[in-house]
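Novice: Input structure: model.txt, which contains compact mmCIF, C-alpha atoms.
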```
# COMPACT_ATOMS: atom_id res chain seq x y z
CA MET A 184 32.37 61.43 -131.98
CA THR A 185 34.72 59.11 -133.88
CA SER A 186 38.51 58.93 -133.98
CA GLU A 187 38.37 60.51 -137.46
CA ASP A 188 36.60 63.51 -135.93
CA LEU A 189 39.44 63.90 -133.43
CA ASP A 190 41.96 64.16 -136.27
CA LYS A 191 40.19 67.29 -137.52
CA ARG A 192 40.75 70.67 -135.91
CA ILE A 193 38.05 71.30 -133.33
CA SER A 194 37.36 74.90 -132.36
CA CYS A 195 36.36 76.16 -128.95
CA ASP A 196 32.56 76.24 -128.62
CA GLN A 197 32.73 79.48 -126.62
CA CYS A 198 34.99 81.70 -128.75
CA GLY A 199 34.95 79.76 -132.03
CA SER A 200 38.47 80.82 -132.98
CA ALA A 201 40.88 79.03 -130.67
CA LYS A 202 41.75 75.37 -131.03
CA ALA A 203 39.90 73.21 -128.51
CA MET A 204 42.11 71.55 -125.94
CA TYR A 205 39.37 69.86 -123.89
CA LEU A 206 36.24 67.94 -124.78
CA ILE A 207 33.71 68.03 -121.94
CA ARG A 208 31.02 65.36 -121.71
CA PHE A 209 28.17 66.20 -119.39
CA VAL A 210 24.51 65.54 -118.71
CA ASN A 211 21.83 68.19 -118.76
CA LYS A 212 19.38 66.80 -116.20
CA SER A 213 16.47 68.63 -117.82
CA ASP A 214 16.99 66.67 -121.07
CA ILE A 215 15.50 63.19 -120.84
CA ASP A 216 15.38 60.89 -123.85
CA THR A 217 12.24 58.96 -124.81
CA VAL A 218 13.33 55.89 -122.83
CA GLY A 219 13.70 57.92 -119.66
CA GLY A 220 17.50 58.03 -119.67
CA LEU A 221 19.71 61.08 -119.46
CA VAL A 222 21.16 62.54 -122.65
CA ALA A 223 24.93 63.05 -122.69
CA MET A 224 26.17 66.21 -124.40
CA GLU A 225 29.60 67.48 -125.46
CA LEU A 226 31.28 70.87 -125.53
CA ALA A 227 34.80 71.72 -126.67
CA PHE A 228 36.87 74.42 -124.95
CA CYS A 229 40.23 76.04 -125.49
CA GLY A 230 42.52 76.12 -122.47
CA HIS A 231 41.48 79.68 -121.54
CA HIS A 232 37.73 79.03 -121.56
CA PHE A 233 38.14 75.65 -119.86
CA ALA A 234 39.98 77.33 -116.98
CA LYS A 235 37.47 80.20 -116.89
CA ASN A 236 34.47 77.80 -116.68
CA LYS A 237 36.08 74.97 -114.69
CA GLU A 238 34.20 75.62 -111.44
CA ALA A 239 30.79 75.45 -113.17
CA LEU A 240 31.84 72.51 -115.36
CA ASP A 241 32.95 70.48 -112.34
CA LYS A 242 29.33 70.40 -111.16
CA VAL A 243 27.95 68.72 -114.31
CA THR A 244 30.90 67.00 -116.00
CA LEU A 245 30.88 63.26 -116.60
CA GLU A 246 34.22 63.13 -118.41
CA ILE A 247 36.99 65.49 -119.51
CA VAL A 248 39.01 64.44 -122.55
CA GLU A 249 42.28 66.28 -123.10
CA LEU A 250 42.61 66.60 -126.87
CA ASP A 251 45.98 66.21 -128.64
CA ARG A 252 47.50 64.77 -125.49
CA LYS A 253 50.54 62.65 -126.16
CA GLU A 254 50.65 59.64 -123.88
CA LYS A 255 54.03 58.72 -122.47
CA VAL A 256 54.86 55.13 -123.23
CA PRO A 257 56.81 53.48 -120.43
CA GLN A 258 60.18 52.18 -121.55
CA LEU A 259 61.53 48.92 -120.23
CA GLU A 260 64.90 49.20 -118.59
CA LYS A 261 67.65 47.21 -120.26
CA GLU A 262 68.99 44.44 -118.10
CA GLU A 263 72.70 44.64 -117.49
CA VAL A 264 74.56 41.43 -118.28
```
Would it be possible to restate this file's structure as structure tokens?

Specialist:
Amino acid sequence: MTSEDLDKRISCDQCGSAKAMYLIRFVNKSDIDTVGGLVAMELAFCGHHFAKNKEALDKVTLEIVELDRKEKVPQLEKEEV
């Protein structure tokens, strides 16, 4: 997935209608690539389906990416003179 893909609206893979809020990267241990490594997979979930499936996802998740998250940029304090 590229940064251009993240600019597009991604729908929830479970319901297909809600906007995805989380991108889940996981490994399906039954899928082995030709070199013998594990194959990483991705699913996108809206907030509702992420919460509903969180317990099961926690067992297989490698990474959770919160989509559309705005990072807070720390502000330097002005020095009093």

Novice: Enter the distance from atom CA of A:Glu238 to atom CA of A:Cys198, in Å, rounded to one decimal.

Specialist: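 Between these atoms lies a distance of 18.4 Å.
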
Novice: Which residue out of A:Tyr205, A:Leu226, A:Val210, A:Gln258 has the minimum interatomic distance to A:Leu245 when only C-alpha atoms are used?

Specialist: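 Checking each candidate against A:Leu245, we get A:Val210 as the closest.
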
Novice: Please list as a ChimeraX atom specification every residue within 8 Å of A:Val243, counting only C-alpha atoms and excluding residues in the same chain fewer than 3 positions away.

Specialist: /A:209-211,239-240

Novice: Can I get the selection written as a CSV table (one decimal), in the frame of the given file, with C-alpha atoms?

Specialist:
```csv
chain,number,residue,atom,x,y,z
A,209,PHE,CA,28.2,66.2,-119.4
A,210,VAL,CA,24.5,65.5,-118.7
A,211,ASN,CA,21.8,68.2,-118.8
A,239,ALA,CA,30.8,75.4,-113.2
A,240,LEU,CA,31.8,72.5,-115.4
```

Novice: State, in Å with one decimal place, the distance from atom CA of A:Arg208 to atom CA of A:Met224.

Specialist: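 These atoms are spaced 5.6 Å apart.
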
Novice: Quick check, in Å to one decimal: how far apart do atom CA of A:Ser194 and atom CA of A:Ala227 lie?

Specialist: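 Here the two named atoms are 7.0 Å from each other.
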
Novice: I need the residue nearest A:Ala203 from this list: A:Phe228, A:Ala223, A:Asp241, A:Ile247. Use all atoms listed in the file for the distance.

Specialist: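 Selected residue with least distance to A:Ala203: A:Phe228.
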
Novice: Can you tell me which residues surround A:Glu249 at a distance of at most 9 Å, considering all atoms listed in the file, apart from same-chain residues fewer than 6 positions away, and format the answer as a ChimeraX atom specification?

Specialist: /A:204-207

Novice: Please produce stretch 194-207 of chain A, completed to N, CA and C atoms, as a JSON list (two decimals), in the frame of the given file.

Specialist:
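Written file, rebuild-v8.json:
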```json
[["chain", "number", "residue", "atom", "x", "y", "z"],
["A", 194, "SER", "N", 37.29, 73.55, -132.93],
["A", 194, "SER", "CA", 37.36, 74.90, -132.36],
["A", 194, "SER", "C", 36.60, 74.97, -131.04],
["A", 195, "CYS", "N", 37.01, 75.91, -130.23],
["A", 195, "CYS", "CA", 36.36, 76.16, -128.95],
["A", 195, "CYS", "C", 34.90, 76.56, -129.19],
["A", 196, "ASP", "N", 33.99, 75.92, -128.47],
["A", 196, "ASP", "CA", 32.56, 76.24, -128.62],
["A", 196, "ASP", "C", 32.21, 77.60, -128.05],
["A", 197, "GLN", "N", 33.06, 78.18, -127.21],
["A", 197, "GLN", "CA", 32.73, 79.48, -126.62],
["A", 197, "GLN", "C", 33.21, 80.64, -127.50],
["A", 198, "CYS", "N", 34.48, 80.58, -127.96],
["A", 198, "CYS", "CA", 34.99, 81.70, -128.75],
["A", 198, "CYS", "C", 34.99, 81.41, -130.25],
["A", 199, "GLY", "N", 35.02, 80.13, -130.62],
["A", 199, "GLY", "CA", 34.95, 79.76, -132.03],
["A", 199, "GLY", "C", 36.23, 79.95, -132.81],
["A", 200, "SER", "N", 37.25, 80.57, -132.22],
["A", 200, "SER", "CA", 38.47, 80.82, -132.98],
["A", 200, "SER", "C", 39.67, 80.02, -132.49],
["A", 201, "ALA", "N", 39.74, 79.77, -131.21],
["A", 201, "ALA", "CA", 40.88, 79.03, -130.67],
["A", 201, "ALA", "C", 40.69, 77.53, -130.84],
["A", 202, "LYS", "N", 41.80, 76.82, -130.92],
["A", 202, "LYS", "CA", 41.75, 75.37, -131.03],
["A", 202, "LYS", "C", 41.32, 74.78, -129.69],
["A", 203, "ALA", "N", 40.38, 73.85, -129.74],
["A", 203, "ALA", "CA", 39.90, 73.21, -128.51],
["A", 203, "ALA", "C", 40.97, 72.30, -127.94],
["A", 204, "MET", "N", 41.15, 72.39, -126.65],
["A", 204, "MET", "CA", 42.11, 71.55, -125.94],
["A", 204, "MET", "C", 41.41, 70.52, -125.07],
["A", 205, "TYR", "N", 40.13, 70.75, -124.78],
["A", 205, "TYR", "CA", 39.37, 69.86, -123.89],
["A", 205, "TYR", "C", 38.00, 69.58, -124.48],
["A", 206, "LEU", "N", 37.59, 68.34, -124.40],
["A", 206, "LEU", "CA", 36.24, 67.94, -124.78],
["A", 206, "LEU", "C", 35.53, 67.55, -123.49],
["A", 207, "ILE", "N", 34.44, 68.23, -123.19],
["A", 207, "ILE", "CA", 33.71, 68.03, -121.94],
["A", 207, "ILE", "C", 32.44, 67.25, -122.25]]
```
